[in-house]
Amino acid sequence: MSVITINNVSKIFNEGQANEVVALQDINLEIEAGEFVSLIGPSGCGKSTLLRLIADLLSPSQGQLSVNGKSPEAARLAREYGFVFQASTLYEWRTIRKNVMLPLEIMGYAAEEQTSRAQKMLEMVELSKFGNHYPRQLSGGMQQRASIARALAFEPPLLLMDEPFGALDEFTRDRMNMELLRIWQQTQTTIVFVTHSIAEAVFLSNRVVVMSARPGRIKDMIGVDLPYPRLFETREEAGYFTAVTQVRESLRDAFLSA
Amino acid sequence: MTQSRFRYYLPTLIVAVAVIAGWELVVRLFNIQQFLLPKPSSIVQSLIEEWDIIQPRIWNTARGALGGFAIGCTLGIGMAFITARFVALQQAMMPFAIAANSVPIIAMSPIMFNWFGPTNPISWMMIVAVIVFFPVLINVTRGLTEVNPAALELMHSYAASEWKILQSLRIPNAVPFLFSALRVASVLSMIGSIVADFFGAERTTLGKYVTQEAAVLRFDHTWAAILVASLIGILFYGVIILAERWLIPWSQEGGER
């Protein structure tokens, strides 16, 4: 059953003014429960904008979105998704543990539940020894793990991730990819993942949505047939390379037509 | 003091000793008149001689500084919350606040003495309060409003109420801003308390002592009082730094709770 439905959605910034930008045009997309869908495309193709439309951090100029059968606003008010940004946006004045507890505090969970959930999340991302540290004492990869722990603390059925590993080096990124898949398998959430990296998109997702820019449109939807669980060796299989090539060629056209 | 701390401060200590020694030497060598530049040794001597006169004045001056600091901070923080909440009010007020911050303090003192009375300690405190009010207002307003946009988006994704956003994001964000204003304010409040004395009726304060002794050309006494006032100012600043270290542990190197 569809968790996210996007119907004829367009988003125009500064409509009617000199600096008008058509960020998205005629977007149609359906995402089923439990999927891992990546959005990839050149800069300005609107992938981050699309993610924010789903999250009700922006409203569409035209068209409708439905999240878990409700409007994005209702889904947001019902706290049905977790958001992970590119920069970790951990609050520097809180310890890691307190950062993970932040959504739980705001959503009014009982104190003991806050502590037990935070502990569980920290263990899941393997940061339980760093609960009392401050964000500035952690490396970039660890901070992003903490952000993921925070996003999952209230167990949302949907996870929206905007280039969360973009600022990390390749080895850390590969490791984080495998961690994310492990977490995904454990929690069974639906994940919509924005990325610049073809390798990452193919390794993680069961479906890659290729977008083109100016105006932002969906160009292609490429299914990735590799079975889960995907391991380090998956990156060396023929099926992986085929999928990467497919995405790369689709992207090339997207670039050329921009 | 630990070994490394001592080594850290050693160059500063050496410079301090060198400056004082150099000062003493230069004055003696060139026979500079004491009303131009007294020797450090005569300043210390005056301090010891005049201690019975100076000592009761210390508390009055410090009280003016502390009282004014407290009033100015409270009003500044309170006003900041109000202007941060109503954006239109903030935009209208900020230019005035920044302009008023530049008004010379000395111009304010006759006005305050006129309003509150020339012998009322409140007048002294109000002069200091005005000096402290504006930096605190400007900084705390900035701290409450200049929040990382992604941090704000995060709050919206949690459907957090404005009150929760204020509590969990804006206020902690504003604390470092507040302390940077308090550092400035702590020093300014001592200055304000002494400068305020240049007008107003006779009181047992350090400022009055400074003007009196200067009037009879006893500058070694004057410097002695200034030395005491400076030490109090430094002490006040030090207290603010310690409070900052205690309240903002996350900005310290290797801080861990």
# chains A, B, ... in the order shown; residues from 1 in each chain; ligands from 1

call {"tool": "closest_atom_pairs", "arguments": {"of": "chain A", "to": "chain B", "cutoff": "10 Å", "atoms": "only C-alpha atoms", "output": "tab-separated table"}}
result
residue	atom	partner	partner_atom	distance
A:Arg52	CA	B:Ser157	CA	9.7
A:Ala55	CA	B:Ser157	CA	7.0
A:Asp56	CA	B:Ser157	CA	7.9
A:Leu57	CA	B:Glu153	CA	7.1
A:Glu73	CA	B:Ala159	CA	9.2
A:Ala74	CA	B:Ala159	CA	9.8
A:Ala75	CA	B:Ala159	CA	9.7
A:Arg76	CA	B:Ser157	CA	6.2
A:Leu77	CA	B:Ala159	CA	5.2
A:Ala78	CA	B:Ala159	CA	8.0
A:Arg79	CA	B:Tyr158	CA	6.1
A:Glu80	CA	B:Tyr158	CA	9.1
A:Tyr81	CA	B:Ser157	CA	7.9
A:Gly82	CA	B:Ser157	CA	7.4
A:Phe83	CA	B:Ser157	CA	7.0
A:Val84	CA	B:Leu154	CA	8.6
A:Phe85	CA	B:Ala150	CA	7.7
A:Gln86	CA	B:Ala150	CA	9.5
A:Ala87	CA	B:Ala150	CA	8.3
A:Ser88	CA	B:Ala150	CA	9.2
A:Thr89	CA	B:Ala151	CA	5.8
A:Leu90	CA	B:Ala151	CA	7.9
A:Tyr91	CA	B:Ala151	CA	7.7
A:Glu92	CA	B:Trp250	CA	6.8
A:Trp93	CA	B:Trp250	CA	5.8
A:Arg94	CA	B:Trp250	CA	7.9
A:Thr95	CA	B:Arg257	CA	8.2
A:Leu102	CA	B:Ser168	CA	8.3
A:Pro103	CA	B:Tyr158	CA	6.5
A:Leu104	CA	B:Tyr158	CA	9.3
A:Glu105	CA	B:Ser168	CA	9.3
A:Ile106	CA	B:Ala160	CA	6.3
A:Met107	CA	B:Tyr158	CA	7.6
A:Asn132	CA	B:Arg257	CA	6.4
A:His133	CA	B:Glu256	CA	5.8
A:Tyr134	CA	B:Trp250	CA	6.3
A:Pro135	CA	B:Trp250	CA	8.5
A:Arg136	CA	B:Trp250	CA	7.9
A:Gln137	CA	B:Gly254	CA	7.1
A:Ala151	CA	B:Leu154	CA	9.8

call {"tool": "write_last_selection", "arguments": {"atoms": "C-alpha atoms", "output": "PDB file, in the first residue's frame"}}
result
ATOM      1  CA  ARG A  52      10.686  19.086   2.075  1.00  0.00           C
ATOM      2  CA  ALA A  55       7.847  16.783   5.137  1.00  0.00           C
ATOM      3  CA  ASP A  56       5.469  19.768   5.024  1.00  0.00           C
ATOM      4  CA  LEU A  57       8.433  22.096   5.498  1.00  0.00           C
ATOM      5  CA  GLU A  73       0.700  18.783   7.379  1.00  0.00           C
ATOM      6  CA  ALA A  74      -1.403  16.231   9.241  1.00  0.00           C
ATOM      7  CA  ALA A  75       1.425  13.721   8.975  1.00  0.00           C
ATOM      8  CA  ARG A  76       3.853  16.272  10.370  1.00  0.00           C
ATOM      9  CA  LEU A  77       1.561  17.148  13.263  1.00  0.00           C
ATOM     10  CA  ALA A  78       1.099  13.444  13.928  1.00  0.00           C
ATOM     11  CA  ARG A  79       4.905  13.093  13.965  1.00  0.00           C
ATOM     12  CA  GLU A  80       4.928  10.353  11.396  1.00  0.00           C
ATOM     13  CA  TYR A  81       8.362  10.926   9.956  1.00  0.00           C
ATOM     14  CA  GLY A  82      11.914  11.559  11.050  1.00  0.00           C
ATOM     15  CA  PHE A  83      14.160  13.952   9.133  1.00  0.00           C
ATOM     16  CA  VAL A  84      17.938  13.697   8.815  1.00  0.00           C
ATOM     17  CA  PHE A  85      19.766  16.706   7.379  1.00  0.00           C
ATOM     18  CA  GLN A  86      23.120  16.900   5.676  1.00  0.00           C
ATOM     19  CA  ALA A  87      24.658  18.861   8.485  1.00  0.00           C
ATOM     20  CA  SER A  88      24.049  16.945  11.666  1.00  0.00           C
ATOM     21  CA  THR A  89      22.146  19.811  13.352  1.00  0.00           C
ATOM     22  CA  LEU A  90      22.760  18.311  16.732  1.00  0.00           C
ATOM     23  CA  TYR A  91      22.276  20.977  19.376  1.00  0.00           C
ATOM     24  CA  GLU A  92      25.747  21.805  20.623  1.00  0.00           C
ATOM     25  CA  TRP A  93      24.557  22.584  24.140  1.00  0.00           C
ATOM     26  CA  ARG A  94      23.129  19.108  24.660  1.00  0.00           C
ATOM     27  CA  THR A  95      24.988  15.875  25.207  1.00  0.00           C
ATOM     28  CA  LEU A 102      15.048  15.952  22.046  1.00  0.00           C
ATOM     29  CA  PRO A 103      12.082  14.770  19.926  1.00  0.00           C
ATOM     30  CA  LEU A 104      10.864  12.652  22.839  1.00  0.00           C
ATOM     31  CA  GLU A 105      10.890  15.680  25.139  1.00  0.00           C
ATOM     32  CA  ILE A 106       8.957  17.769  22.655  1.00  0.00           C
ATOM     33  CA  MET A 107       6.464  14.997  22.042  1.00  0.00           C
ATOM     34  CA  ASN A 132      27.607  11.971  27.741  1.00  0.00           C
ATOM     35  CA  HIS A 133      29.842  13.557  25.148  1.00  0.00           C
ATOM     36  CA  TYR A 134      29.076  16.800  23.387  1.00  0.00           C
ATOM     37  CA  PRO A 135      28.621  16.874  19.593  1.00  0.00           C
ATOM     38  CA  ARG A 136      31.803  18.808  19.032  1.00  0.00           C
ATOM     39  CA  GLN A 137      33.768  15.925  20.532  1.00  0.00           C
ATOM     40  CA  ALA A 151      15.345  10.647  13.920  1.00  0.00           C
TER      41      ALA A 151
END

call {"tool": "residues_around", "arguments": {"residues": "Ile131 (chain B)", "least_positions_apart": "4", "cutoff": "12 Å", "atoms": "only C-alpha atoms", "output": "PyMOL selection string"}}
result
chain B and resi 65+68-73+75-76+97-98+100-109+124-127+135-137+181-182+184-193+195-196

call {"tool": "residues_around", "arguments": {"residues": "region 190-194 of chain A", "least_positions_apart": "5", "cutoff": "6 Å", "atoms": "only C-alpha atoms", "output": "list in words"}}
result
Ala33, Gly34, Glu35, Phe36, Val37, Ser38, Leu39, Leu158, Leu159, Leu160, Met161, Asp162 and Glu163 of chain A

call {"tool": "write_last_selection", "arguments": {"atoms": "N, CA and C atoms", "output": "PDB file, in the first residue's frame"}}
result
ATOM      1  N   ALA A  33       5.044   1.042   1.224  1.00  0.00           N
ATOM      2  CA  ALA A  33       5.570   0.818   2.570  1.00  0.00           C
ATOM      3  C   ALA A  33       6.793  -0.086   2.520  1.00  0.00           C
ATOM      4  N   GLY A  34       7.808   0.238   3.286  1.00  0.00           N
ATOM      5  CA  GLY A  34       8.990  -0.605   3.399  1.00  0.00           C
ATOM      6  C   GLY A  34      10.007  -0.406   2.292  1.00  0.00           C
ATOM      7  N   GLU A  35       9.719   0.478   1.330  1.00  0.00           N
ATOM      8  CA  GLU A  35      10.679   0.704   0.255  1.00  0.00           C
ATOM      9  C   GLU A  35      11.852   1.547   0.724  1.00  0.00           C
ATOM     10  N   PHE A  36      12.971   1.445  -0.037  1.00  0.00           N
ATOM     11  CA  PHE A  36      14.089   2.353   0.149  1.00  0.00           C
ATOM     12  C   PHE A  36      14.268   3.031  -1.202  1.00  0.00           C
ATOM     13  N   VAL A  37      13.821   4.280  -1.303  1.00  0.00           N
ATOM     14  CA  VAL A  37      13.839   4.991  -2.582  1.00  0.00           C
ATOM     15  C   VAL A  37      14.845   6.123  -2.527  1.00  0.00           C
ATOM     16  N   SER A  38      15.731   6.172  -3.530  1.00  0.00           N
ATOM     17  CA  SER A  38      16.688   7.284  -3.594  1.00  0.00           C
ATOM     18  C   SER A  38      16.254   8.283  -4.652  1.00  0.00           C
ATOM     19  N   LEU A  39      16.477   9.553  -4.361  1.00  0.00           N
ATOM     20  CA  LEU A  39      16.264  10.617  -5.345  1.00  0.00           C
ATOM     21  C   LEU A  39      17.638  11.118  -5.733  1.00  0.00           C
ATOM     22  N   LEU A 158       8.270   6.511   8.695  1.00  0.00           N
ATOM     23  CA  LEU A 158       8.888   7.068   7.492  1.00  0.00           C
ATOM     24  C   LEU A 158      10.133   7.843   7.877  1.00  0.00           C
ATOM     25  N   LEU A 159      11.207   7.670   7.092  1.00  0.00           N
ATOM     26  CA  LEU A 159      12.448   8.388   7.362  1.00  0.00           C
ATOM     27  C   LEU A 159      12.830   9.161   6.103  1.00  0.00           C
ATOM     28  N   LEU A 160      13.014  10.470   6.256  1.00  0.00           N
ATOM     29  CA  LEU A 160      13.392  11.319   5.125  1.00  0.00           C
ATOM     30  C   LEU A 160      14.817  11.783   5.344  1.00  0.00           C
ATOM     31  N   MET A 161      15.696  11.513   4.379  1.00  0.00           N
ATOM     32  CA  MET A 161      17.111  11.801   4.593  1.00  0.00           C
ATOM     33  C   MET A 161      17.644  12.644   3.440  1.00  0.00           C
ATOM     34  N   ASP A 162      18.188  13.800   3.763  1.00  0.00           N
ATOM     35  CA  ASP A 162      18.672  14.732   2.750  1.00  0.00           C
ATOM     36  C   ASP A 162      20.191  14.723   2.722  1.00  0.00           C
ATOM     37  N   GLU A 163      20.749  13.906   1.828  1.00  0.00           N
ATOM     38  CA  GLU A 163      22.208  13.779   1.690  1.00  0.00           C
ATOM     39  C   GLU A 163      22.911  13.666   3.044  1.00  0.00           C
TER      40      GLU A 163
END

call {"tool": "residues_around", "arguments": {"residues": "Asp225 (chain A)", "least_positions_apart": "2", "cutoff": "10 Å", "atoms": "only C-alpha atoms", "output": "mmCIF file with C-alpha atoms, in the first residue's frame"}}
result
data_model
loop_
_atom_site.group_PDB
_atom_site.id
_atom_site.type_symbol
_atom_site.label_atom_id
_atom_site.label_comp_id
_atom_site.auth_asym_id
_atom_site.auth_seq_id
_atom_site.Cartn_x
_atom_site.Cartn_y
_atom_site.Cartn_z
ATOM 1 C CA VAL A 202 22.305 1.927 -6.082
ATOM 2 C CA SER A 205 17.846 1.427 -2.654
ATOM 3 C CA ASN A 206 15.412 -0.921 -4.266
ATOM 4 C CA ARG A 207 14.417 1.951 -6.558
ATOM 5 C CA ILE A 222 15.210 2.496 -12.151
ATOM 6 C CA GLY A 223 14.582 -0.624 -10.087
ATOM 7 C CA PRO A 227 18.772 -8.947 -2.995
ATOM 8 C CA TYR A 228 19.021 -7.821 0.623
ATOM 9 C CA GLY A 239 24.304 -6.782 -11.055
ATOM 10 C CA TYR A 240 25.561 -3.778 -9.073
ATOM 11 C CA ALA A 243 22.478 -0.843 -12.171
#

call {"tool": "residues_around", "arguments": {"residues": "region 207-210 of chain B", "least_positions_apart": "3", "cutoff": "7 Å", "atoms": "only C-alpha atoms", "output": "PDB file with N, CA and C atoms, in the first residue's frame"}}
result
ATOM      1  N   ILE B 194      32.017  54.768  38.542  1.00  0.00           N
ATOM      2  CA  ILE B 194      33.008  55.787  38.923  1.00  0.00           C
ATOM      3  C   ILE B 194      32.752  57.085  38.181  1.00  0.00           C
ATOM      4  N   VAL B 195      32.484  56.980  36.898  1.00  0.00           N
ATOM      5  CA  VAL B 195      32.252  58.191  36.099  1.00  0.00           C
ATOM      6  C   VAL B 195      31.006  58.924  36.578  1.00  0.00           C
ATOM      7  N   ASP B 197      30.162  59.410  39.420  1.00  0.00           N
ATOM      8  CA  ASP B 197      30.538  60.223  40.576  1.00  0.00           C
ATOM      9  C   ASP B 197      31.056  61.584  40.209  1.00  0.00           C
ATOM     10  N   PHE B 198      31.404  61.761  38.959  1.00  0.00           N
ATOM     11  CA  PHE B 198      31.981  63.054  38.594  1.00  0.00           C
ATOM     12  C   PHE B 198      30.946  64.174  38.705  1.00  0.00           C
ATOM     13  N   GLU B 202      28.281  64.984  47.108  1.00  0.00           N
ATOM     14  CA  GLU B 202      29.341  64.277  47.806  1.00  0.00           C
ATOM     15  C   GLU B 202      28.838  62.962  48.402  1.00  0.00           C
ATOM     16  N   ARG B 203      29.614  61.900  48.154  1.00  0.00           N
ATOM     17  CA  ARG B 203      29.294  60.585  48.728  1.00  0.00           C
ATOM     18  C   ARG B 203      30.590  59.886  49.046  1.00  0.00           C
ATOM     19  N   THR B 204      30.509  58.914  49.936  1.00  0.00           N
ATOM     20  CA  THR B 204      31.715  58.143  50.211  1.00  0.00           C
ATOM     21  C   THR B 204      31.894  57.096  49.133  1.00  0.00           C
ATOM     22  N   GLU B 213      41.051  64.057  45.261  1.00  0.00           N
ATOM     23  CA  GLU B 213      42.516  64.002  45.354  1.00  0.00           C
ATOM     24  C   GLU B 213      43.167  64.609  44.125  1.00  0.00           C
ATOM     25  N   ALA B 214      42.513  64.444  42.980  1.00  0.00           N
ATOM     26  CA  ALA B 214      43.055  65.059  41.762  1.00  0.00           C
ATOM     27  C   ALA B 214      43.008  66.571  41.874  1.00  0.00           C
ATOM     28  N   THR B 222      45.220  59.408  43.870  1.00  0.00           N
ATOM     29  CA  THR B 222      44.284  59.148  42.784  1.00  0.00           C
ATOM     30  C   THR B 222      44.552  57.790  42.152  1.00  0.00           C
ATOM     31  N   ALA B 225      43.437  54.843  44.217  1.00  0.00           N
ATOM     32  CA  ALA B 225      41.999  54.540  44.109  1.00  0.00           C
ATOM     33  C   ALA B 225      41.687  53.867  42.784  1.00  0.00           C
TER      34      ALA B 225
END

call {"tool": "closest_residue", "arguments": {"among": "B:Arg142, B:Arg218, B:Arg85, B:Arg5", "to": "Phe177 (chain B)", "atoms": "only C-alpha atoms"}}
result
B:Arg142

call {"tool": "select_by_dssp", "arguments": {"residues": "region 5-217 of chain B", "states": "alpha helix (DSSP H)", "output": "number ranges by chain"}}
result
B: 5-29, 40-49, 51-85, 87-101, 105-116, 121-145, 149-157, 162-165, 171-196, 206-215

call {"tool": "select_by_dssp", "arguments": {"residues": "region 62-182 of chain A", "states": "strand (DSSP E)", "output": "ChimeraX atom specification"}}
result
/A:62-67,81-84,158-162

call {"tool": "closest_residue", "arguments": {"among": "B:Thr12, B:Ser4, B:Gln212, B:Thr141", "to": "Val87 (chain B)", "atoms": "only C-alpha atoms"}}
result
B:Thr141

call {"tool": "residues_around", "arguments": {"residues": "Thr115 (chain A)", "least_positions_apart": "4", "cutoff": "8 Å", "atoms": "only C-alpha atoms", "output": "list in words"}}
result
Met101, Ala111 and Gln119 of chain A

call {"tool": "atom_distance", "arguments": {"atom1": "CA of Ala88 (chain B)", "atom2": "CA of Asn14 (chain A)"}}
result
22.6 Å

call {"tool": "residues_around", "arguments": {"residues": "Glu200 (chain A)", "least_positions_apart": "2", "cutoff": "9 Å", "atoms": "only C-alpha atoms", "output": "PDB file with C-alpha atoms, in the first residue's frame"}}
result
ATOM      1  CA  SER A  38      16.688   7.284  -3.594  1.00  0.00           C
ATOM      2  CA  ARG A 173      30.286   6.774   3.830  1.00  0.00           C
ATOM      3  CA  ASP A 174      30.461   3.128   2.718  1.00  0.00           C
ATOM      4  CA  ASN A 177      25.622   2.864   4.140  1.00  0.00           C
ATOM      5  CA  THR A 195      21.903  11.769  -2.646  1.00  0.00           C
ATOM      6  CA  HIS A 196      24.484  12.963  -5.123  1.00  0.00           C
ATOM      7  CA  SER A 197      26.269   9.645  -5.228  1.00  0.00           C
ATOM      8  CA  ILE A 198      25.282   7.044  -7.818  1.00  0.00           C
ATOM      9  CA  VAL A 202      22.305   1.927  -6.082  1.00  0.00           C
ATOM     10  CA  PHE A 203      23.822   0.220  -3.048  1.00  0.00           C
ATOM     11  CA  LEU A 204      21.086   1.327  -0.679  1.00  0.00           C
ATOM     12  CA  SER A 205      17.846   1.427  -2.654  1.00  0.00           C
TER      13      SER A 205
END

call {"tool": "atom_distance", "arguments": {"atom1": "CA of Arg117 (chain A)", "atom2": "CA of Ser2 (chain A)"}}
result
28.3 Å
